[in-house]
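J.: This is the content of start-v9.cif (mmCIF, C-alpha atoms):
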data_entry
loop_
_atom_site.group_PDB
_atom_site.id
_atom_site.type_symbol
_atom_site.label_atom_id
_atom_site.label_comp_id
_atom_site.auth_asym_id
_atom_site.auth_seq_id
_atom_site.Cartn_x
_atom_site.Cartn_y
_atom_site.Cartn_z
ATOM 1 C CA MET F 1 12.299 99.546 82.847
ATOM 2 C CA ILE F 2 12.834 103.286 82.338
ATOM 3 C CA ILE F 3 9.208 103.774 81.293
ATOM 4 C CA ALA F 4 8.006 101.825 84.334
ATOM 5 C CA ALA F 5 10.204 103.960 86.589
ATOM 6 C CA ILE F 6 8.879 107.153 84.999
ATOM 7 C CA ILE F 7 5.278 105.999 85.487
ATOM 8 C CA ILE F 8 5.958 105.323 89.177
ATOM 9 C CA LEU F 9 7.711 108.685 89.539
ATOM 10 C CA ALA F 10 4.795 110.475 87.877
ATOM 11 C CA TYR F 11 2.363 108.781 90.260
ATOM 12 C CA LEU F 12 4.522 109.718 93.265
ATOM 13 C CA LEU F 13 4.719 113.341 92.086
ATOM 14 C CA GLY F 14 0.948 113.423 91.805
ATOM 15 C CA SER F 15 0.656 111.875 95.250
ATOM 16 C CA ILE F 16 2.326 114.846 96.959
ATOM 17 C CA PRO F 17 -0.621 116.231 98.984
ATOM 18 C CA SER F 18 -0.134 119.962 98.509
ATOM 19 C CA GLY F 19 -3.289 120.894 100.402
ATOM 20 C CA LEU F 20 -2.372 118.718 103.359
ATOM 21 C CA ILE F 21 1.195 120.068 103.494
ATOM 22 C CA VAL F 22 0.191 123.740 103.220
ATOM 23 C CA GLY F 23 -2.602 123.287 105.759
ATOM 24 C CA LYS F 24 -0.516 121.489 108.372
ATOM 25 C CA VAL F 25 2.790 123.324 107.937
ATOM 26 C CA GLY F 26 1.430 126.811 107.363
ATOM 27 C CA TYR F 27 -1.732 126.806 109.448
ATOM 28 C CA GLY F 28 -1.678 123.780 111.742
ATOM 29 C CA ILE F 29 -4.895 122.578 110.089
ATOM 30 C CA ASP F 30 -5.782 119.316 108.354
ATOM 31 C CA ILE F 31 -8.079 120.563 105.595
ATOM 32 C CA ARG F 32 -9.529 117.064 105.279
ATOM 33 C CA GLU F 33 -11.355 117.864 108.505
ATOM 34 C CA HIS F 34 -12.865 121.082 107.149
ATOM 35 C CA GLY F 35 -15.174 122.153 104.353
ATOM 36 C CA SER F 36 -15.696 119.438 101.763
ATOM 37 C CA GLY F 37 -12.825 117.387 103.189
ATOM 38 C CA ASN F 38 -11.145 117.548 99.793
ATOM 39 C CA LEU F 39 -7.376 118.060 99.409
ATOM 40 C CA GLY F 40 -7.640 120.275 96.333
ATOM 41 C CA GLY F 41 -7.331 123.988 95.763
ATOM 42 C CA THR F 42 -11.030 124.836 96.043
ATOM 43 C CA ASN F 43 -11.390 123.480 99.570
ATOM 44 C CA THR F 44 -8.102 125.159 100.499
ATOM 45 C CA PHE F 45 -9.433 128.507 99.247
ATOM 46 C CA ARG F 46 -12.596 128.072 101.309
ATOM 47 C CA THR F 47 -10.840 126.762 104.422
ATOM 48 C CA LEU F 48 -7.558 128.697 104.543
ATOM 49 C CA GLY F 49 -8.030 131.682 102.245
ATOM 50 C CA VAL F 50 -6.699 133.063 98.976
ATOM 51 C CA LYS F 51 -2.961 132.846 99.675
ATOM 52 C CA ALA F 52 -3.088 129.162 100.670
ATOM 53 C CA GLY F 53 -5.556 128.350 97.896
ATOM 54 C CA LEU F 54 -3.319 129.866 95.226
ATOM 55 C CA LEU F 55 -0.269 128.094 96.603
ATOM 56 C CA VAL F 56 -1.989 124.703 96.567
ATOM 57 C CA THR F 57 -3.519 125.224 93.119
ATOM 58 C CA ILE F 58 -0.180 126.259 91.589
ATOM 59 C CA ALA F 59 1.589 123.329 93.273
ATOM 60 C CA ASP F 60 -1.046 120.901 91.984
ATOM 61 C CA ILE F 61 -0.710 122.287 88.452
ATOM 62 C CA LEU F 62 3.075 122.028 88.545
ATOM 63 C CA LYS F 63 2.914 118.394 89.709
ATOM 64 C CA GLY F 64 1.203 117.576 86.427
ATOM 65 C CA THR F 65 3.572 119.734 84.380
ATOM 66 C CA LEU F 66 6.639 118.132 85.924
ATOM 67 C CA ALA F 67 5.238 114.619 85.450
ATOM 68 C CA ALA F 68 4.427 115.278 81.785
ATOM 69 C CA SER F 69 7.982 116.542 81.230
ATOM 70 C CA LEU F 70 9.565 113.305 82.449
ATOM 71 C CA PRO F 71 9.741 111.568 79.039
ATOM 72 C CA SER F 72 11.617 114.548 77.587
ATOM 73 C CA PHE F 73 13.865 114.790 80.635
ATOM 74 C CA PHE F 74 14.876 111.137 80.213
ATOM 75 C CA GLY F 75 15.201 111.425 76.427
ATOM 76 C CA LEU F 76 12.146 109.293 75.590
ATOM 77 C CA GLU F 77 10.881 111.384 72.699
ATOM 78 C CA ASN F 78 8.703 108.508 71.447
ATOM 79 C CA VAL F 79 6.614 108.508 74.652
ATOM 80 C CA HIS F 80 3.720 110.990 74.601
ATOM 81 C CA PRO F 81 3.928 113.254 77.675
ATOM 82 C CA LEU F 82 0.187 112.997 78.305
ATOM 83 C CA LEU F 83 0.418 109.231 78.707
ATOM 84 C CA ILE F 84 2.876 109.712 81.573
ATOM 85 C CA GLY F 85 1.164 112.799 82.956
ATOM 86 C CA ILE F 86 -2.081 110.922 83.445
ATOM 87 C CA PHE F 87 -0.375 108.898 86.203
ATOM 88 C CA ALA F 88 0.210 112.140 88.111
ATOM 89 C CA VAL F 89 -3.527 112.790 87.872
ATOM 90 C CA ILE F 90 -4.158 109.332 89.308
ATOM 91 C CA GLY F 91 -1.647 110.076 92.073
ATOM 92 C CA HIS F 92 -3.322 113.398 92.867
ATOM 93 C CA THR F 93 -6.741 111.766 93.045
ATOM 94 C CA TYR F 94 -5.616 108.658 94.916
ATOM 95 C CA PRO F 95 -2.440 109.802 96.702
ATOM 96 C CA LEU F 96 -0.150 107.252 98.308
ATOM 97 C CA PHE F 97 0.842 109.841 100.925
ATOM 98 C CA ALA F 98 -2.713 110.732 102.023
ATOM 99 C CA ASN F 99 -4.540 107.410 102.389
ATOM 100 C CA PHE F 100 -5.556 107.454 98.695
ATOM 101 C CA LYS F 101 -8.035 110.303 99.252
ATOM 102 C CA GLY F 102 -7.024 113.312 97.203
ATOM 103 C CA GLY F 103 -8.355 116.075 94.992
ATOM 104 C CA LYS F 104 -10.707 116.110 92.046
ATOM 105 C CA ALA F 105 -8.048 116.105 89.313
ATOM 106 C CA VAL F 106 -8.746 119.553 87.853
ATOM 107 C CA ALA F 107 -5.494 121.419 88.546
ATOM 108 C CA THR F 108 -3.160 118.470 87.911
ATOM 109 C CA SER F 109 -4.987 117.659 84.671
ATOM 110 C CA GLY F 110 -4.437 121.260 83.634
ATOM 111 C CA GLY F 111 -0.788 120.912 84.570
ATOM 112 C CA ILE F 112 -0.106 118.081 82.152
ATOM 113 C CA LEU F 113 -1.774 120.123 79.416
ATOM 114 C CA LEU F 114 0.372 123.132 80.345
ATOM 115 C CA PHE F 115 3.392 121.092 79.273
ATOM 116 C CA SER F 116 2.002 119.295 76.215
ATOM 117 C CA ALA F 117 -0.470 121.885 74.866
ATOM 118 C CA PRO F 118 0.316 125.276 76.471
ATOM 119 C CA LEU F 119 -1.951 127.312 74.171
ATOM 120 C CA MET F 120 -4.822 124.999 75.014
ATOM 121 C CA PHE F 121 -4.074 125.436 78.725
ATOM 122 C CA VAL F 122 -4.142 129.242 78.444
ATOM 123 C CA THR F 123 -7.492 129.214 76.625
ATOM 124 C CA MET F 124 -8.885 126.741 79.181
ATOM 125 C CA LEU F 125 -7.856 129.094 81.973
ATOM 126 C CA ALA F 126 -9.685 131.964 80.255
ATOM 127 C CA VAL F 127 -12.760 129.799 79.664
ATOM 128 C CA PHE F 128 -12.743 128.609 83.283
ATOM 129 C CA PHE F 129 -12.788 132.175 84.630
ATOM 130 C CA LEU F 130 -15.477 133.156 82.121
ATOM 131 C CA PHE F 131 -17.703 130.319 83.314
ATOM 132 C CA LEU F 132 -16.837 131.152 86.930
ATOM 133 C CA TYR F 133 -17.880 134.767 86.356
ATOM 134 C CA LEU F 134 -21.154 133.656 84.768
ATOM 135 C CA THR F 135 -22.091 130.822 87.140
ATOM 136 C CA LYS F 136 -20.190 131.537 90.393
ATOM 137 C CA TYR F 137 -19.688 127.755 90.766
ATOM 138 C CA VAL F 138 -16.086 126.448 90.746
ATOM 139 C CA SER F 139 -17.276 122.866 90.234
ATOM 140 C CA LEU F 140 -19.548 123.677 87.291
ATOM 141 C CA SER F 141 -16.877 125.882 85.719
ATOM 142 C CA SER F 142 -14.376 123.020 86.009
ATOM 143 C CA MET F 143 -16.733 120.567 84.308
ATOM 144 C CA LEU F 144 -17.690 122.983 81.527
ATOM 145 C CA THR F 145 -14.013 123.750 80.927
ATOM 146 C CA GLY F 146 -13.409 120.013 80.586
ATOM 147 C CA ILE F 147 -16.072 119.840 77.863
ATOM 148 C CA TYR F 148 -14.484 122.841 76.154
ATOM 149 C CA ALA F 149 -11.115 121.045 76.283
ATOM 150 C CA ILE F 150 -12.562 118.059 74.428
ATOM 151 C CA ILE F 151 -13.867 120.336 71.666
ATOM 152 C CA PHE F 152 -10.531 122.184 71.456
ATOM 153 C CA SER F 153 -8.576 118.917 71.260
ATOM 154 C CA ILE F 154 -10.764 117.707 68.384
ATOM 155 C CA PHE F 155 -9.826 120.828 66.418
ATOM 156 C CA ILE F 156 -6.125 120.192 67.112
ATOM 157 C CA GLY F 157 -6.553 116.657 65.769
ATOM 158 C CA ASP F 158 -3.936 114.823 67.865
ATOM 159 C CA PRO F 159 -5.517 111.397 68.585
ATOM 160 C CA VAL F 160 -3.634 110.967 71.880
ATOM 161 C CA LEU F 161 -4.628 114.458 73.014
ATOM 162 C CA ILE F 162 -8.277 113.814 72.117
ATOM 163 C CA ALA F 163 -8.302 110.481 73.954
ATOM 164 C CA VAL F 164 -6.528 111.701 77.106
ATOM 165 C CA VAL F 165 -8.473 114.965 77.332
ATOM 166 C CA SER F 166 -11.749 113.089 76.896
ATOM 167 C CA ILE F 167 -10.809 110.608 79.629
ATOM 168 C CA LEU F 168 -9.703 113.401 81.967
ATOM 169 C CA ALA F 169 -12.810 115.504 81.333
ATOM 170 C CA LEU F 170 -15.132 112.570 81.992
ATOM 171 C CA PHE F 171 -13.129 111.687 85.102
ATOM 172 C CA VAL F 172 -13.399 115.277 86.376
ATOM 173 C CA ILE F 173 -17.168 115.180 85.839
ATOM 174 C CA TYR F 174 -17.355 111.828 87.651
ATOM 175 C CA ARG F 175 -15.356 113.224 90.567
ATOM 176 C CA HIS F 176 -17.824 116.125 90.791
ATOM 177 C CA ARG F 177 -20.972 113.985 90.973
ATOM 178 C CA ALA F 178 -21.702 115.144 94.538
ATOM 179 C CA ASN F 179 -21.309 118.754 93.374
ATOM 180 C CA ILE F 180 -23.769 118.139 90.537
ATOM 181 C CA LYS F 181 -26.322 116.950 93.090
ATOM 182 C CA ARG F 182 -25.730 120.039 95.256
ATOM 183 C CA ILE F 183 -26.062 122.343 92.234
ATOM 184 C CA ARG F 184 -29.431 120.764 91.440
ATOM 185 C CA GLU F 185 -30.494 121.189 95.051
ATOM 186 C CA LYS F 186 -29.118 124.773 95.097
ATOM 187 C CA THR F 187 -26.856 123.991 98.063
ATOM 188 C CA GLU F 188 -23.516 124.213 96.243
ATOM 189 C CA PRO F 189 -21.416 127.142 97.595
ATOM 190 C CA LYS F 190 -20.841 130.036 95.208
ATOM 191 C CA VAL F 191 -17.734 132.153 95.005
ATOM 192 C CA LYS F 192 -18.211 135.776 96.046
ATOM 193 C CA TRP F 193 -15.046 137.405 94.784
ATOM 194 C CA ILE F 194 -15.816 137.409 91.057
#
Could you write out this structure as structure tokens?

T.:
Amino acid sequence: MIIAAIIILAYLLGSIPSGLIVGKVGYGIDIREHGSGNLGGTNTFRTLGVKAGLLVTIADILKGTLAASLPSFFGLENVHPLLIGIFAVIGHTYPLFANFKGGKAVATSGGILLFSAPLMFVTMLAVFFLFLYLTKYVSLSSMLTGIYAIIFSIFIGDPVLIAVVSILALFVIYRHRANIKRIREKTEPKVKWI
């Protein structure tokens, strides 16, 4: 019963639509009606600017971190934090509080890794910005960082970490399929600040 409750709580944490809240409360804008229509940090950056984008990205990361910490908080040391954290990723992608249309799972996925594999998270952040500097594409940098995370997890050797990271990375790539098409067609927006 406790595990079931934690899973539901993790999903509900992930379902908090940070982009929608920041857009409506801070700017009187529903970001689903602007840009890509996505609730994640990237569309918030493009629609509302750096301050709002950072706020949403940090909030989305922390949703995952908090969800992954739930087993420890409730004293369930035998439950791997990633297995609970993944429900926050599902909540972020298919949020109960935003008609099941959410973000692309990048920041919240990073958040669960911040709790369970902090060194890995830090290196992923560095790799993401390296790819962003080289390619200028947020979407491509996110996907390449996911592939890097799989390789890193294999070196760590934790079977649960390898499995969850692989699932998350493939899911992130799947969620970016429209971006992949735009990159091929050279219509994907590039960042200009790096």

J.: Between range 2-115 of chain F and range 175-183 of chain F, at 10 Å or less, what are the per-residue closest atom pairs and their distances in Å? Count all atoms listed in the file, order by chain and rising residue number, and return it as CSV.

T.:
residue,atom,partner,partner_atom,distance
F:Thr93,CA,F:Arg175,CA,9.1
F:Gly103,CA,F:Arg175,CA,8.8
F:Lys104,CA,F:Arg175,CA,5.7
F:Ala105,CA,F:Arg175,CA,8.0
F:Val106,CA,F:Arg175,CA,9.5

J.: May I have the protein, DNA and RNA residues with any atom at most 9 Å from the point (-16.6, 125.5, 81.2), counting only C-alpha atoms, written as an NGL selection string?

T.: :F and (124 or 127-132 or 140-149)

J.: Using the chain letters and numbers from this file, what does the PyMOL selection byres ((chain F and resi 47) around 10) select? Give the answer as a list in words.

T.: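 This file gives the following for the PyMOL selection byres ((chain F and resi 47) around 10): Gly23, Ile29, Asp30, Ile31, Arg32, Glu33, His34, Gly35, Ser36, Gly37, Gly41, Thr42, Asn43, Thr44, Phe45, Arg46, Leu48, Gly49, Val50, Ala52 and Gly53 of chain F.
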
J.: Tell me, in Å to one decimal, how far CA of Phe100 in chain F is from CA of His80 in chain F.

T.: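 Separating CA of Phe100 in chain F from CA of His80 in chain F is a distance of 26.1 Å.
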
J.: Counting all atoms listed in the file, which residue out of F:Val172, F:Leu96, F:Ile86, F:Ile58 sits closest to Pro17 in chain F?

T.: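 That would be F:Leu96, the residue with the smallest distance to Pro17 in chain F.
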
J.: Excluding same-chain residues fewer than 2 positions from Ile112 in chain F, what lies within 8 Å of it counting only C-alpha atoms, as a VMD selection string?

T.: chain F and resid 61 64 to 68 81 to 82 85 to 86 108 to 110 114 to 116

J.: Between CA of Leu170 in chain F and CA of Val89 in chain F, measure the distance and give it in Å to one decimal.

T.: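 Distance between the two atoms: 13.0 Å.
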
J.: Give one line per residue of range 79-192 of chain F that approaches range 1-11 of chain F to at most 6 Å, naming the two atoms of the closest pair and their distance in Å to one decimal, counting only C-alpha atoms; sort by chain then ascending residue number and deliver it as a tab-separated table.

T.:
residue	atom	partner	partner_atom	distance
F:Ile84	CA	F:Ile7	CA	5.9
F:Phe87	CA	F:Tyr11	CA	4.9
F:Ala88	CA	F:Tyr11	CA	4.5
F:Gly91	CA	F:Tyr11	CA	4.6

J.: Since we have the selection now, will you write its residues out, keeping C-alpha atoms, as a compact mmCIF listing (two decimals), in the frame of the given file?

T.:
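Below is the file result_3.txt, written as the result:
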# COMPACT_ATOMS: atom_id res chain seq x y z
CA ILE F 84 2.88 109.71 81.57
CA PHE F 87 -0.38 108.90 86.20
CA ALA F 88 0.21 112.14 88.11
CA GLY F 91 -1.65 110.08 92.07

J.: CA of Val165 in chain F to CA of Phe121 in chain F: how many Å, to one decimal?

T.: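 It comes out at 11.4 Å.
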
J.: Counting only C-alpha atoms, which residues have an atom no more than 9 Å from (-13.1, 132.8, 91.1) in the file's coordinates? Please list them as a list in words.

T.: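 These residues have at least one counted atom within 9 Å: Phe128, Phe129, Leu132, Tyr133, Lys136, Tyr137, Val138, Val191, Lys192, Trp193 and Ile194 of chain F.
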
J.: Taking only C-alpha atoms into account, which of F:Pro95, F:Gly26, F:Pro71, F:Gly40 comes nearest Gly14 in chain F?

T.: F:Pro95

J.: Residues within 10 Å of Ile162 in chain F, please, as a list in words. Count all atoms listed in the file; anything in the same chain fewer than 4 positions from it doesn't count.

T.: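 In the requested format, the answer is Ala149, Ile150, Ile151, Phe152, Ser153, Ile154, Phe155, Ile156, Gly157, Asp158, Ser166, Ile167 and Leu168 of chain F.
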
J.: With only C-alpha atoms as the atoms that count, which of F:Tyr27, F:Phe171, F:Tyr94, F:Phe74 lies nearest to Leu39 in chain F?

T.: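 Checking each candidate against Leu39 in chain F, we get F:Tyr94 as the closest.
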
J.: Kindly indicate which residue among F:Glu77, F:Thr57, F:Leu83, F:Ile16 lies nearest to Val164 in chain F, using all atoms listed in the file for the distances.

T.: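 Looking at the shortest contact to Val164 in chain F, the residue is F:Leu83.
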
J.: So, counting all atoms listed in the file, which residue among F:Gly111, F:Val25, F:Leu12, F:Leu76 is closest to Asp60 in chain F?

T.: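 The answer is F:Gly111, which sits nearest to Asp60 in chain F.
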